[in-house]
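**Q** Submitted below is the structure of interest, expressed as structure tokens.
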Amino acid sequence: QVRLVESGGGLVQAGGSLRLSCAASGSIFSINTIGWYRQAPGKLREWVAIVSRDATTNYADSVKGRFTISRDDAKNTVYLYLQMSNLKPEDTAVYYCSTNKGVSWGQGTQVTVSP
């Protein structure tokens with residue numbers, strides 16, 4: 001079982017930047033892919049970015065060129081980051097960290113981008 005804890009959300013003006021962090025602990029040997037998802041009010045949860053064990057990354061078209069995902073595999077913890085730049089009001093959502101495309105989820109962190 002993997003435990004995920006996100007942090008780093010907040011309120012930022014359009015055009016600003018934020019860095020989200022996620023710490024994965026527990027059965028980290030089971031983690032192949034780890035990524036970020038988000039859910040805006042009234043909308044379905046959507047995939048944002050994902051990174052595999054070999055550091056291959058993929059991004060949703062809506063964030064490509066603005067967001068950068070990275071991971072750091074430490075001894076007992078996998079750290080996941082999302083550097084978000086040039087933020088837009090439509091990026092407002094609760095951002096979740098998830099392993100292996102939805103097997104485990106964190107509690108989420110709120111990102112709000114004001115116009």
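Following the order of the structure tokens, first chain is A, next is B, and so on, with residues numbered from 1 inside each chain and ligands from 1 in the order they appear.
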Give me, as a list in words, all polymer residues having an atom no more than 10 Å from Leu4 in chain A, counting only C-alpha atoms and skipping those fewer than 5 positions away in the same chain.

**A**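 Here the qualifying residues turn out to be Cys22, Ala23, Ala24, Ser25, Gly26, Thr77, Val78, Tyr79, Leu80, Tyr96, Cys97, Ser98, Thr99, Ser104, Trp105, Gly106, Gln107 and Gly108 of chain A.
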
**Q** Any chance you can output those residues with N, CA and C atoms as a PDB file, in the first residue's frame?

**A**
```pdb
ATOM      1  N   CYS A  22       4.565  16.028  -3.832  1.00  0.00           N
ATOM      2  CA  CYS A  22       3.867  14.833  -3.363  1.00  0.00           C
ATOM      3  C   CYS A  22       4.914  13.876  -2.815  1.00  0.00           C
ATOM      4  N   ALA A  23       4.661  13.366  -1.621  1.00  0.00           N
ATOM      5  CA  ALA A  23       5.551  12.384  -1.020  1.00  0.00           C
ATOM      6  C   ALA A  23       4.833  11.048  -0.965  1.00  0.00           C
ATOM      7  N   ALA A  24       5.433  10.043  -1.582  1.00  0.00           N
ATOM      8  CA  ALA A  24       4.861   8.697  -1.598  1.00  0.00           C
ATOM      9  C   ALA A  24       5.684   7.800  -0.689  1.00  0.00           C
ATOM     10  N   SER A  25       5.016   7.143   0.253  1.00  0.00           N
ATOM     11  CA  SER A  25       5.697   6.254   1.174  1.00  0.00           C
ATOM     12  C   SER A  25       4.947   4.933   1.248  1.00  0.00           C
ATOM     13  N   GLY A  26       5.571   3.970   1.909  1.00  0.00           N
ATOM     14  CA  GLY A  26       4.963   2.645   1.997  1.00  0.00           C
ATOM     15  C   GLY A  26       5.582   1.710   0.976  1.00  0.00           C
ATOM     16  N   THR A  77      11.152   6.913   0.141  1.00  0.00           N
ATOM     17  CA  THR A  77      10.095   7.819  -0.293  1.00  0.00           C
ATOM     18  C   THR A  77      10.324   8.191  -1.761  1.00  0.00           C
ATOM     19  N   VAL A  78       9.238   8.257  -2.488  1.00  0.00           N
ATOM     20  CA  VAL A  78       9.299   8.806  -3.848  1.00  0.00           C
ATOM     21  C   VAL A  78       8.699  10.205  -3.798  1.00  0.00           C
ATOM     22  N   TYR A  79       9.476  11.166  -4.220  1.00  0.00           N
ATOM     23  CA  TYR A  79       9.004  12.547  -4.252  1.00  0.00           C
ATOM     24  C   TYR A  79       8.616  12.914  -5.680  1.00  0.00           C
ATOM     25  N   LEU A  80       7.452  13.510  -5.790  1.00  0.00           N
ATOM     26  CA  LEU A  80       6.949  13.936  -7.087  1.00  0.00           C
ATOM     27  C   LEU A  80       6.704  15.428  -7.035  1.00  0.00           C
ATOM     28  N   TYR A  96      -4.332  16.217  -7.554  1.00  0.00           N
ATOM     29  CA  TYR A  96      -4.098  14.953  -6.862  1.00  0.00           C
ATOM     30  C   TYR A  96      -2.858  14.260  -7.419  1.00  0.00           C
ATOM     31  N   CYS A  97      -2.176  13.625  -6.529  1.00  0.00           N
ATOM     32  CA  CYS A  97      -1.053  12.760  -6.886  1.00  0.00           C
ATOM     33  C   CYS A  97      -1.597  11.330  -6.924  1.00  0.00           C
ATOM     34  N   SER A  98      -1.146  10.553  -7.908  1.00  0.00           N
ATOM     35  CA  SER A  98      -1.640   9.183  -8.031  1.00  0.00           C
ATOM     36  C   SER A  98      -0.560   8.281  -8.593  1.00  0.00           C
ATOM     37  N   THR A  99      -0.564   7.047  -8.131  1.00  0.00           N
ATOM     38  CA  THR A  99       0.415   6.077  -8.617  1.00  0.00           C
ATOM     39  C   THR A  99      -0.229   5.075  -9.570  1.00  0.00           C
ATOM     40  N   SER A 104      -3.416   4.309  -6.333  1.00  0.00           N
ATOM     41  CA  SER A 104      -3.444   5.005  -5.046  1.00  0.00           C
ATOM     42  C   SER A 104      -3.584   6.500  -5.302  1.00  0.00           C
ATOM     43  N   TRP A 105      -4.237   7.193  -4.346  1.00  0.00           N
ATOM     44  CA  TRP A 105      -4.488   8.625  -4.489  1.00  0.00           C
ATOM     45  C   TRP A 105      -4.144   9.360  -3.200  1.00  0.00           C
ATOM     46  N   GLY A 106      -3.714  10.597  -3.373  1.00  0.00           N
ATOM     47  CA  GLY A 106      -3.545  11.473  -2.229  1.00  0.00           C
ATOM     48  C   GLY A 106      -4.847  12.193  -1.926  1.00  0.00           C
ATOM     49  N   GLN A 107      -4.790  13.078  -0.937  1.00  0.00           N
ATOM     50  CA  GLN A 107      -5.999  13.784  -0.512  1.00  0.00           C
ATOM     51  C   GLN A 107      -6.261  15.031  -1.347  1.00  0.00           C
ATOM     52  N   GLY A 108      -5.272  15.457  -2.103  1.00  0.00           N
ATOM     53  CA  GLY A 108      -5.425  16.605  -2.990  1.00  0.00           C
ATOM     54  C   GLY A 108      -4.965  17.905  -2.364  1.00  0.00           C
TER      55      GLY A 108
END
```

**Q** Find the residues near Val103 in chain A: any atom within 10 Å, counting only C-alpha atoms, skip ones fewer than 3 places away on the same chain, and give them as an MDAnalysis selection string.

**A** chainID A and resid 1:2 31 34 98:100

**Q** Selected residues, N, CA and C atoms, written as an mmCIF file, in the first residue's frame, please.

**A**
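Contents of part-v5.cif, freshly written:
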```
data_model
loop_
_atom_site.group_PDB
_atom_site.id
_atom_site.type_symbol
_atom_site.label_atom_id
_atom_site.label_comp_id
_atom_site.auth_asym_id
_atom_site.auth_seq_id
_atom_site.Cartn_x
_atom_site.Cartn_y
_atom_site.Cartn_z
ATOM 1 N N GLN A 1 0.840 -1.189 0.000
ATOM 2 C CA GLN A 1 0.000 0.000 0.000
ATOM 3 C C GLN A 1 0.877 1.241 0.000
ATOM 4 N N VAL A 2 0.490 2.231 -0.788
ATOM 5 C CA VAL A 2 1.249 3.474 -0.914
ATOM 6 C C VAL A 2 0.452 4.622 -0.314
ATOM 7 N N ILE A 31 5.698 1.223 -7.288
ATOM 8 C CA ILE A 31 5.388 2.385 -8.116
ATOM 9 C C ILE A 31 6.144 2.326 -9.435
ATOM 10 N N ILE A 34 3.909 7.541 -11.768
ATOM 11 C CA ILE A 34 3.306 8.411 -10.769
ATOM 12 C C ILE A 34 3.008 9.730 -11.454
ATOM 13 N N SER A 98 -1.146 10.553 -7.908
ATOM 14 C CA SER A 98 -1.640 9.183 -8.031
ATOM 15 C C SER A 98 -0.560 8.281 -8.593
ATOM 16 N N THR A 99 -0.564 7.047 -8.131
ATOM 17 C CA THR A 99 0.415 6.077 -8.617
ATOM 18 C C THR A 99 -0.229 5.075 -9.570
ATOM 19 N N ASN A 100 0.600 4.623 -10.501
ATOM 20 C CA ASN A 100 0.190 3.551 -11.423
ATOM 21 C C ASN A 100 -1.194 3.799 -12.024
#
```

**Q** From a DSSP calculation on the backbone, collect every residue of chain A in strand (DSSP E) and output the set as number ranges by chain.

**A** A: 2-7, 10-13, 18-26, 33-39, 46-52, 57-59, 67-73, 77-84, 93-99, 104-105, 109-114

**Q** Deliver the residues from the most recent selection as a file, using C-alpha atoms, as a short mmCIF file (atom, residue, chain, number, x, y, z; two decimals), in the first residue's frame.

**A**
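So the final result, stored in again_23.cif, reads:
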```cif
data_model
loop_
_atom_site.label_atom_id
_atom_site.label_comp_id
_atom_site.auth_asym_id
_atom_site.auth_seq_id
_atom_site.Cartn_x
_atom_site.Cartn_y
_atom_site.Cartn_z
CA VAL A 2 1.25 3.47 -0.91
CA ARG A 3 0.50 6.63 1.06
CA LEU A 4 0.52 9.90 -0.84
CA VAL A 5 0.62 13.38 0.66
CA GLU A 6 0.41 16.47 -1.54
CA SER A 7 1.42 20.02 -0.64
CA GLY A 10 -2.48 28.02 -2.98
CA LEU A 11 -3.83 31.17 -4.54
CA VAL A 12 -1.91 32.82 -7.36
CA GLN A 13 -2.64 35.42 -10.01
CA LEU A 18 3.40 27.37 -8.16
CA ARG A 19 5.25 24.20 -7.29
CA LEU A 20 3.34 21.19 -6.06
CA SER A 21 4.96 18.37 -4.13
CA CYS A 22 3.87 14.83 -3.36
CA ALA A 23 5.55 12.38 -1.02
CA ALA A 24 4.86 8.70 -1.60
CA SER A 25 5.70 6.25 1.17
CA GLY A 26 4.96 2.64 2.00
CA THR A 33 4.27 5.49 -12.95
CA ILE A 34 3.31 8.41 -10.77
CA GLY A 35 1.52 11.51 -11.86
CA TRP A 36 -0.74 14.47 -11.29
CA TYR A 37 -4.44 14.69 -11.94
CA ARG A 38 -6.84 17.53 -11.29
CA GLN A 39 -10.53 18.09 -10.78
CA GLU A 46 -8.48 14.69 -15.63
CA TRP A 47 -4.93 13.59 -16.15
CA VAL A 48 -2.31 16.38 -16.12
CA ALA A 49 1.14 14.83 -16.28
CA ILE A 50 2.82 11.53 -15.58
CA VAL A 51 6.38 10.27 -15.14
CA SER A 52 7.52 6.68 -15.34
CA THR A 57 7.24 12.14 -19.05
CA ASN A 58 3.94 12.84 -20.71
CA TYR A 59 1.72 15.89 -20.47
CA PHE A 67 4.07 22.53 -16.47
CA THR A 68 7.06 20.34 -15.69
CA ILE A 69 6.81 17.07 -13.79
CA SER A 70 9.74 15.42 -12.05
CA ARG A 71 10.36 12.65 -9.55
CA ASP A 72 13.07 11.82 -7.06
CA ASP A 73 13.27 8.18 -5.94
CA THR A 77 10.10 7.82 -0.29
CA VAL A 78 9.30 8.81 -3.85
CA TYR A 79 9.00 12.55 -4.25
CA LEU A 80 6.95 13.94 -7.09
CA TYR A 81 6.90 17.56 -8.17
CA LEU A 82 4.89 19.68 -10.55
CA GLN A 83 6.34 23.05 -11.48
CA MET A 84 3.50 25.13 -12.87
CA ALA A 93 -8.71 22.75 -9.48
CA VAL A 94 -7.87 20.31 -6.75
CA TYR A 95 -4.65 18.59 -7.79
CA TYR A 96 -4.10 14.95 -6.86
CA CYS A 97 -1.05 12.76 -6.89
CA SER A 98 -1.64 9.18 -8.03
CA THR A 99 0.42 6.08 -8.62
CA SER A 104 -3.44 5.00 -5.05
CA TRP A 105 -4.49 8.62 -4.49
CA THR A 109 -4.24 20.18 -2.79
CA GLN A 110 -6.21 23.21 -3.97
CA VAL A 111 -4.81 25.47 -6.67
CA THR A 112 -6.71 28.68 -7.36
CA VAL A 113 -5.68 31.05 -10.14
CA SER A 114 -7.30 34.46 -10.11
#
```

**Q** Give me every helix (DSSP H, G or I) residue in chain A, going by DSSP on the backbone, as JSON, numbers by chain.

**A** {"A": [28, 29, 30, 89, 90, 91]}

**Q** Produce a file of the selected residues containing N, CA and C atoms, as a compact mmCIF listing (two decimals), in the first residue's frame.

**A**
```txt
# COMPACT_ATOMS: atom_id res chain seq x y z
N ILE A 28 6.72 1.55 -1.92
CA ILE A 28 7.15 2.36 -3.08
C ILE A 28 7.77 1.52 -4.17
N PHE A 29 8.18 0.29 -3.84
CA PHE A 29 8.75 -0.59 -4.86
C PHE A 29 7.72 -0.91 -5.95
N SER A 30 6.44 -0.74 -5.59
CA SER A 30 5.36 -1.06 -6.53
C SER A 30 5.06 0.07 -7.51
N PRO A 89 -6.56 30.94 -15.21
CA PRO A 89 -7.74 30.66 -14.36
C PRO A 89 -8.30 29.27 -14.59
N GLU A 90 -8.21 28.76 -15.78
CA GLU A 90 -8.73 27.41 -16.06
C GLU A 90 -7.89 26.30 -15.46
N ASP A 91 -6.76 26.64 -14.87
CA ASP A 91 -5.96 25.66 -14.14
C ASP A 91 -6.47 25.47 -12.70
```

**Q** How many Å lie between CA of Leu87 in chain A and CA of Asp54 in chain A, rounded to one decimal?

**A**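 Pair CA of Leu87 in chain A / CA of Asp54 in chain A returns 27.7 Å.
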
**Q** Can you tell me how far CA of Ala60 in chain A sits from CA of Asn76 in chain A, in Å to one decimal?

**A**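 Result for CA of Ala60 in chain A versus CA of Asn76 in chain A: 29.1 Å, one decimal.
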